[in-house]
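> Enclosed is the structure file my_file.txt (compact mmCIF, C-alpha atoms (C1' of nucleotides)).
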# COMPACT_ATOMS: atom_id res chain seq x y z
CA MET A 7 38.92 -25.59 52.07
CA VAL A 8 37.56 -23.25 49.47
CA ASP A 9 36.08 -20.33 51.25
CA ARG A 10 32.84 -20.18 49.38
CA PRO A 11 31.06 -16.86 49.61
CA ALA A 12 29.37 -16.66 52.95
CA LEU A 13 25.70 -17.44 53.00
CA SER A 14 23.26 -14.61 53.24
CA LYS A 15 20.75 -14.27 56.02
CA GLY A 16 17.95 -16.09 54.30
CA GLU A 17 20.16 -18.76 52.85
CA MET A 18 21.55 -19.41 56.26
CA ALA A 19 18.12 -19.86 57.78
CA VAL A 20 17.23 -22.43 55.18
CA ALA A 21 20.61 -24.11 55.38
CA ARG A 22 20.24 -24.52 59.10
CA ALA A 23 16.85 -26.08 58.66
CA LEU A 24 18.21 -28.37 56.00
CA TRP A 25 21.04 -29.52 58.20
CA ASP A 26 18.50 -30.47 60.81
CA VAL A 27 16.25 -32.54 58.61
CA SER A 28 18.45 -33.56 55.72
CA PRO A 29 17.72 -35.43 53.58
CA ALA A 30 14.30 -33.95 53.17
CA THR A 31 11.72 -32.61 50.82
CA VAL A 32 11.17 -28.94 50.30
CA ARG A 33 8.08 -29.20 52.42
CA GLN A 34 9.94 -30.71 55.32
CA VAL A 35 12.59 -28.04 55.14
CA HIS A 36 9.90 -25.43 54.93
CA GLU A 37 8.26 -26.75 58.05
CA LYS A 38 11.54 -26.68 59.88
CA VAL A 39 12.23 -23.12 58.82
CA GLU A 40 8.81 -22.04 59.99
CA GLU A 41 9.57 -23.24 63.48
CA HIS A 42 11.65 -20.10 63.67
CA GLU A 43 10.26 -17.65 61.17
CA ALA A 44 7.59 -17.21 58.57
CA MET A 45 8.66 -17.83 55.01
CA SER A 46 6.72 -18.84 51.97
CA PHE A 47 7.09 -22.34 50.67
CA VAL A 48 8.28 -21.15 47.30
CA THR A 49 10.82 -18.92 48.90
CA VAL A 50 12.29 -21.93 50.60
CA GLN A 51 12.30 -23.63 47.23
CA THR A 52 14.28 -20.75 45.81
CA TYR A 53 16.81 -20.78 48.59
CA LEU A 54 17.31 -24.50 48.27
CA ARG A 55 17.96 -24.09 44.59
CA ARG A 56 20.44 -21.34 45.27
CA LEU A 57 22.13 -23.39 47.95
CA GLU A 58 22.48 -26.21 45.49
CA ALA A 59 23.88 -23.84 42.88
CA LYS A 60 26.47 -22.74 45.37
CA GLY A 61 27.38 -26.28 46.23
CA HIS A 62 25.96 -26.30 49.72
CA ALA A 63 23.25 -28.80 48.96
CA SER A 64 22.52 -31.55 46.53
CA SER A 65 19.27 -33.01 45.42
CA ARG A 66 17.73 -35.87 43.55
CA LEU A 67 14.27 -36.62 42.31
CA ASP A 68 12.58 -39.39 44.19
CA GLY A 69 9.59 -40.08 42.04
CA ARG A 70 8.08 -36.69 41.63
CA VAL A 71 9.45 -35.22 44.78
CA ARG A 72 12.80 -33.57 45.04
CA ILE A 73 14.90 -34.57 47.99
CA TYR A 74 17.53 -32.16 49.20
CA SER A 75 20.55 -33.07 51.25
CA GLY A 76 23.00 -30.87 53.03
CA ARG A 77 26.36 -30.94 51.38
CA SER A 78 28.89 -28.72 53.11
CA ARG A 79 28.86 -29.52 56.75
CA PRO A 80 27.72 -26.92 59.26
CA GLY A 81 31.16 -26.58 60.75
CA THR A 82 32.65 -25.47 57.48
CA VAL A 83 30.07 -22.86 56.74
CA ILE A 84 30.05 -21.61 60.27
CA ARG A 85 33.79 -21.36 60.28
CA SER A 86 34.01 -19.20 57.22
CA THR A 87 31.11 -17.04 58.29
CA VAL A 88 32.64 -16.47 61.68
CA ASN A 89 36.04 -15.84 60.21
CA GLU A 90 34.64 -13.24 57.95
CA LEU A 91 32.84 -11.56 60.79
CA VAL A 92 35.88 -11.49 63.00
CA ASP A 93 37.92 -10.00 60.24
CA ARG A 94 35.36 -7.39 59.49
CA LEU A 95 34.58 -6.36 63.00
CA PHE A 96 37.81 -6.78 64.79
CA GLY A 97 40.45 -6.98 62.13
CA GLY A 98 41.02 -10.65 62.77
CA ASP A 99 41.42 -10.56 66.51
CA SER A 100 38.86 -12.85 68.04
CA LEU A 101 39.38 -12.02 71.68
CA PRO A 102 37.16 -8.92 71.69
CA LEU A 103 34.34 -10.92 70.23
CA VAL A 104 34.68 -13.66 72.80
CA ARG A 105 34.78 -11.11 75.55
CA HIS A 106 31.73 -9.44 74.14
CA LEU A 107 29.81 -12.69 73.87
CA ILE A 108 30.58 -13.81 77.36
CA GLU A 109 29.80 -10.48 78.90
CA GLU A 110 26.85 -9.35 76.92
CA ARG A 111 24.94 -12.47 76.21
CA GLY A 112 24.06 -14.76 79.01
CA ILE A 113 25.82 -18.03 79.26
CA ASP A 114 24.47 -20.39 81.82
CA GLU A 115 26.31 -22.15 84.59
CA SER A 116 27.10 -25.32 82.77
CA GLY A 117 28.25 -23.29 79.82
CA LEU A 118 30.61 -21.33 81.97
CA ALA A 119 31.96 -24.45 83.53
CA GLU A 120 32.56 -25.94 80.13
CA LEU A 121 34.36 -22.86 78.96
CA ARG A 122 36.50 -22.73 82.05
CA GLN A 123 37.61 -26.27 81.47
CA LEU A 124 38.29 -25.59 77.85
CA ILE A 125 40.41 -22.61 78.73
CA GLU A 126 42.29 -24.45 81.41
CA ARG A 127 43.07 -27.19 78.98
CA LEU A 128 44.37 -24.74 76.41
CA GLU A 129 46.43 -22.96 79.01
CA SER A 130 48.19 -26.12 80.05
CA GLU A 131 48.77 -27.07 76.46
CA GLN A 132 50.24 -23.71 75.78
CA SER A 133 52.60 -23.77 78.70
CA GLN A 134 53.96 -27.09 77.51
CA THR A 135 54.44 -26.22 73.91
CA GLU A 136 56.94 -23.44 74.13
CA ARG A 137 54.98 -20.88 72.22
CA LYS A 138 56.50 -20.66 68.80
CA SER A 139 55.43 -17.35 67.31
CA SER A 140 51.86 -16.10 67.23
CA MET B 23 18.31 0.64 71.35
CA VAL B 24 16.97 0.55 67.85
CA ASP B 25 18.55 -2.36 66.11
CA ARG B 26 19.41 -0.65 62.89
CA PRO B 27 19.95 -2.96 59.98
CA ALA B 28 23.37 -4.46 60.27
CA LEU B 29 26.07 -2.95 58.13
CA SER B 30 27.18 -4.70 55.03
CA LYS B 31 30.71 -5.84 54.44
CA GLY B 32 31.83 -2.71 52.65
CA GLU B 33 30.01 -0.35 54.95
CA MET B 34 31.62 -2.03 57.89
CA ALA B 35 35.09 -1.61 56.45
CA VAL B 36 34.53 2.09 56.00
CA ALA B 37 32.83 2.47 59.35
CA ARG B 38 35.77 0.88 61.08
CA ALA B 39 38.13 3.23 59.34
CA LEU B 40 35.95 6.15 60.26
CA TRP B 41 35.87 5.16 63.91
CA ASP B 42 39.63 5.16 63.90
CA VAL B 43 40.14 8.58 62.40
CA SER B 44 36.90 10.40 63.12
CA PRO B 45 36.37 13.26 62.60
CA ALA B 46 38.01 13.16 59.23
CA THR B 47 37.76 14.02 55.60
CA VAL B 48 36.82 11.51 52.98
CA ARG B 49 40.44 11.39 51.97
CA GLN B 50 41.59 10.53 55.44
CA VAL B 51 39.03 7.81 55.77
CA HIS B 52 40.00 6.52 52.39
CA GLU B 53 43.62 6.31 53.42
CA LYS B 54 42.68 4.42 56.54
CA VAL B 55 40.59 1.98 54.57
CA GLU B 56 43.41 1.36 52.18
CA GLU B 57 45.64 0.24 54.99
CA HIS B 58 43.57 -2.92 54.84
CA GLU B 59 42.14 -3.17 51.39
CA ALA B 60 42.02 -1.42 48.06
CA MET B 61 38.97 0.71 47.45
CA SER B 62 38.40 3.65 45.19
CA PHE B 63 38.13 7.07 46.75
CA VAL B 64 34.68 7.65 45.36
CA THR B 65 33.53 4.32 46.65
CA VAL B 66 34.50 5.42 50.11
CA GLN B 67 32.58 8.62 49.50
CA THR B 68 29.52 6.59 48.62
CA TYR B 69 29.79 4.44 51.69
CA LEU B 70 30.17 7.45 53.90
CA ARG B 71 27.06 8.96 52.39
CA ARG B 72 25.17 5.76 52.96
CA LEU B 73 26.44 5.50 56.50
CA GLU B 74 25.18 8.99 57.14
CA ALA B 75 21.83 8.14 55.59
CA LYS B 76 21.55 5.23 57.96
CA GLY B 77 22.45 7.38 60.90
CA HIS B 78 25.84 5.87 61.58
CA ALA B 79 27.75 8.98 60.70
CA SER B 80 27.25 12.70 60.53
CA SER B 81 29.02 15.30 58.51
CA ARG B 82 29.47 19.00 58.10
CA LEU B 83 31.11 21.17 55.51
CA ASP B 84 34.27 22.80 56.69
CA GLY B 85 34.94 25.27 53.96
CA ARG B 86 34.74 23.18 50.89
CA VAL B 87 35.69 19.93 52.55
CA ARG B 88 33.21 17.62 54.14
CA ILE B 89 34.14 16.29 57.52
CA TYR B 90 32.62 13.04 58.64
CA SER B 91 32.26 11.90 62.19
CA GLY B 92 31.29 8.53 63.54
CA ARG B 93 27.90 8.62 65.13
CA SER B 94 26.82 5.28 66.52
CA ARG B 95 29.57 3.98 68.65
CA PRO B 96 31.41 0.82 67.67
CA GLY B 97 30.02 -1.10 70.58
CA THR B 98 26.47 -0.58 69.42
CA VAL B 99 27.05 -1.64 65.88
CA ILE B 100 29.16 -4.56 66.92
CA ARG B 101 26.54 -5.68 69.35
CA SER B 102 23.75 -5.80 66.83
CA THR B 103 25.93 -7.39 64.20
CA VAL B 104 27.03 -10.08 66.58
CA ASN B 105 23.54 -10.62 67.84
CA GLU B 106 22.32 -11.12 64.35
CA LEU B 107 25.07 -13.56 63.62
CA VAL B 108 24.43 -15.58 66.72
CA ASP B 109 20.77 -15.76 65.92
CA ARG B 110 21.43 -16.80 62.37
CA LEU B 111 24.07 -19.34 63.02
CA PHE B 112 23.14 -20.81 66.31
CA GLY B 113 19.56 -19.84 66.91
CA GLY B 114 20.50 -17.37 69.58
CA ASP B 115 22.70 -19.60 71.67
CA SER B 116 26.08 -17.96 71.94
CA LEU B 117 27.95 -20.78 73.62
CA PRO B 118 28.72 -22.67 70.42
CA LEU B 119 30.19 -19.57 68.90
CA VAL B 120 32.37 -18.92 71.89
CA ARG B 121 33.52 -22.49 71.88
CA HIS B 122 34.26 -22.27 68.21
CA LEU B 123 36.22 -19.06 68.57
CA ILE B 124 38.32 -20.31 71.41
CA GLU B 125 39.05 -23.62 69.79
CA GLU B 126 39.48 -22.67 66.20
CA ARG B 127 41.12 -19.32 66.32
CA GLY B 128 44.19 -18.88 68.37
CA ILE B 129 43.97 -16.83 71.49
CA ASP B 130 47.22 -16.06 73.17
CA GLU B 131 48.23 -16.65 76.74
CA SER B 132 47.26 -13.32 78.13
CA GLY B 133 43.96 -13.57 76.34
CA LEU B 134 43.29 -16.93 77.88
CA ALA B 135 44.19 -15.66 81.28
CA GLU B 136 41.85 -12.76 80.87
CA LEU B 137 39.05 -15.00 79.78
CA ARG B 138 39.60 -17.37 82.64
CA GLN B 139 39.35 -14.54 85.10
CA LEU B 140 36.26 -13.23 83.42
CA ILE B 141 34.62 -16.60 83.61
CA GLU B 142 35.59 -17.13 87.19
CA ARG B 143 34.10 -13.79 88.08
CA LEU B 144 30.86 -14.61 86.35
CA GLU B 145 30.71 -17.98 88.00
CA SER B 146 31.00 -16.52 91.43
CA GLU B 147 28.43 -13.89 90.62
CA GLN B 148 26.10 -16.50 89.41
CA SER B 149 26.39 -18.69 92.45
CA GLN B 150 25.59 -15.73 94.65
CA THR B 151 22.65 -14.35 92.78
CA GLU B 152 20.24 -17.22 92.99
CA ARG B 153 19.59 -17.38 89.31
CA LYS B 154 16.24 -15.77 88.74
CA SER B 155 15.55 -17.18 85.27
CA SER B 156 16.59 -15.35 82.11
C1' DT C 12 43.65 35.23 34.81
C1' DT C 13 43.81 30.79 33.49
C1' DG C 14 44.10 26.26 34.04
C1' DC C 15 44.53 22.33 36.90
C1' DA C 16 44.21 19.48 41.00
C1' DA C 17 41.08 18.26 44.53
C1' DC C 18 36.89 17.64 46.03
C1' DA C 19 31.51 17.35 46.48
C1' DC C 20 27.56 15.64 44.61
C1' DG C 21 24.46 13.40 41.60
C1' DT C 22 23.90 9.48 38.77
C1' DA C 23 24.66 4.77 37.09
C1' DC C 24 24.43 0.10 36.82
C1' DA C 25 25.31 -4.86 37.47
C1' DA C 26 25.10 -8.52 40.91
C1' DA C 27 23.17 -10.36 44.95
C1' DT C 28 19.33 -10.79 48.01
C1' DG C 29 14.62 -11.16 49.68
C1' DT C 30 10.41 -12.56 48.47
C1' DA C 31 7.35 -14.38 45.82
C1' DA C 32 3.55 -15.22 41.61
C1' DT C 33 2.82 -18.12 37.72
C1' DT C 34 2.77 -22.00 35.00
C1' DG C 35 3.09 -26.81 34.10
C1' DT C 36 2.20 -31.42 35.44
C1' DA C 37 1.15 -35.69 37.74
C1' DC C 38 -1.83 -38.17 41.66
C1' DG C 39 -5.46 -39.69 43.54
C1' DC C 40 -10.37 -38.97 44.57
C1' DT C 41 -15.26 -38.65 42.89
C1' DA D 20 -13.19 -38.63 32.77
C1' DG D 21 -12.62 -34.41 35.24
C1' DC D 22 -10.99 -31.77 39.12
C1' DG D 23 -8.63 -30.17 42.99
C1' DT D 24 -4.13 -30.54 45.24
C1' DA D 25 0.61 -30.82 45.80
C1' DC D 26 4.68 -30.14 43.86
C1' DA D 27 8.53 -28.68 40.51
C1' DA D 28 10.23 -25.39 37.58
C1' DT D 29 10.31 -20.88 35.57
C1' DT D 30 10.04 -16.16 35.78
C1' DA D 31 9.64 -11.74 38.19
C1' DC D 32 10.75 -7.77 40.52
C1' DA D 33 11.98 -4.45 44.21
C1' DT D 34 15.86 -3.48 47.31
C1' DT D 35 20.47 -3.54 48.76
C1' DT D 36 25.25 -3.83 47.89
C1' DG D 37 29.53 -3.19 45.43
C1' DT D 38 31.78 -0.25 42.67
C1' DA D 39 32.35 3.56 40.28
C1' DC D 40 31.91 7.59 36.42
C1' DG D 41 30.94 12.25 35.12
C1' DT D 42 30.07 17.01 36.04
C1' DG D 43 30.47 21.10 38.41
C1' DT D 44 33.05 24.04 41.53
C1' DT D 45 36.97 26.26 43.82
C1' DG D 46 41.45 27.34 45.89
C1' DC D 47 45.94 27.77 44.29
C1' DA D 48 50.06 27.93 41.36
C1' DA D 49 52.05 29.88 37.26
Take the structure in this file and express it as structure tokens.


Amino acid sequence: MVDRPALSKGEMAVARALWDVSPATVRQVHEKVEEHEAMSFVTVQTYLRRLEAKGHASSRLDGRVRIYSGRSRPGTVIRSTVNELVDRLFGGDSLPLVRHLIEERGIDESGLAELRQLIERLESEQSQTERKSS
Amino acid sequence: MVDRPALSKGEMAVARALWDVSPATVRQVHEKVEEHEAMSFVTVQTYLRRLEAKGHASSRLDGRVRIYSGRSRPGTVIRSTVNELVDRLFGGDSLPLVRHLIEERGIDESGLAELRQLIERLESEQSQTERKSS
DNA sequence: TTGCAACACGTACAAATGTAATTGTACGCT
DNA sequence: AGCGTACAATTACATTTGTACGTGTTGCAA
């Protein structure tokens, strides 16, 4: 539950790659990162080290190769990052952001359908549970 | 449409305050900022200067007091910040973020109702306009 | 007219971030 | 045995961010 300091841009890119391929060697992570953007191998090395220092990854030596594994799960990191953003941009109120996302960035049909169902579910839940404060 | 570099945490706090009170003196902005968090007066001054350097604010001297005004509108800054976040966290797909926001952070009844209507509107629009790819 | 409170403006500086180059070392090929 | 290659580990360094201090100036109160 500790809200570790949010990951920076570069750290996040590497963390995302690591989540995808973990456990993996630096090289494998590097390859994954490069599917999206150019970044030197050693830079990835650095980020992985920093991620480990911050507790978001762990590693062990397998022979002469270091194997990194994701540690904090994506959901956790994403949650705190998003929370921070919502606080910063909207003073904690997430509705404007949701509105913005739905309006400004395309969401396809199936996405919309999913969201509608999600909202309907929440609405029925809310009408049952007599809303007890915010 | 230039996607200026996203504002940092501190810059964003000051920018938000400025948007609220603009045009305003440093002192007024400072007071607004302090409604949410403690920050030294001179620090606010610095941030305002940096915001101006980045083109997010403008200022003029009124007598011996400098008056700052917001320049880029909130929507613009918010858009690029959010875009960057979505790219970083979800590789550009905004649906997961929306899902996360709706599920994890409470949205009240009226908010839900608004969202449902928004989604229904988009759904009907989409079924009319034969989707012509992104 | 003198000093102070209030402010602008320049300067400072450590930590975090982005991005590597270098150096050391072991593996396997020739 | 010697060499290139693939890594790990160390070190580097410019930029950005967070946070502020000090210095100079000026309108105002005494």

> Report the closest atom pair, with its distance in Å rounded to one decimal, for each residue of chain D that has an atom no farther than 12 Å from chain B; count only C-alpha atoms (C1' of nucleotides), sort by chain and then rising residue number, and write it as CSV.


residue,atom,partner,partner_atom,distance
D:DT35,C1',B:Ser30,CA,9.3
D:DT36,C1',B:Ser30,CA,7.4
D:DG37,C1',B:Gly32,CA,7.6
D:DT38,C1',B:Thr65,CA,6.3
D:DA39,C1',B:Thr65,CA,6.5
D:DC40,C1',B:Val64,CA,9.4
D:DG41,C1',B:Val64,CA,11.8
D:DT44,C1',B:Arg86,CA,9.6
D:DT45,C1',B:Arg86,CA,8.0
D:DG46,C1',B:Arg86,CA,9.3

> Distance limit 10 Å, atoms considered: all atoms listed in the file. Which chain B residues sit that close to chain C? Return them as a list in words.

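Filtering chain B at 10 Å from chain C with all atoms listed in the file gives Val48, Arg49, Gln67, Leu83, Arg86, Val87 and Arg88 of chain B.
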
> Select residues of chain A: the criterion is any atom within 7 Å of an atom of chain B, counting only C-alpha atoms; output as a list in words.

Lys15, Met18, Ala19, Ile84, Arg94, Leu95, Ser100, Leu101, Val104, Leu107, Ile113, Glu115, Gly117, Leu118, Arg122, Ile125 and Glu129 of chain A

> Distance CA of Ala75 in chain B-CA of Arg93 in chain B, one decimal place?

11.3 Å

> Using only C-alpha atoms (C1' of nucleotides), can you tell me which of D:DT34, D:DG43, D:DA48, D:DC26 comes closest to Thr31 in chain A?

D:DC26

> Can you tell me how far CA of Arg82 in chain B sits from CA of Ala28 in chain B, in Å to one decimal?

24.3 Å

> May I ask for the distance between CA of Thr82 in chain A and CA of Glu40 in chain A, given in Å to one decimal place?

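Taking CA of Thr82 in chain A and CA of Glu40 in chain A, their separation equals 24.2 Å.
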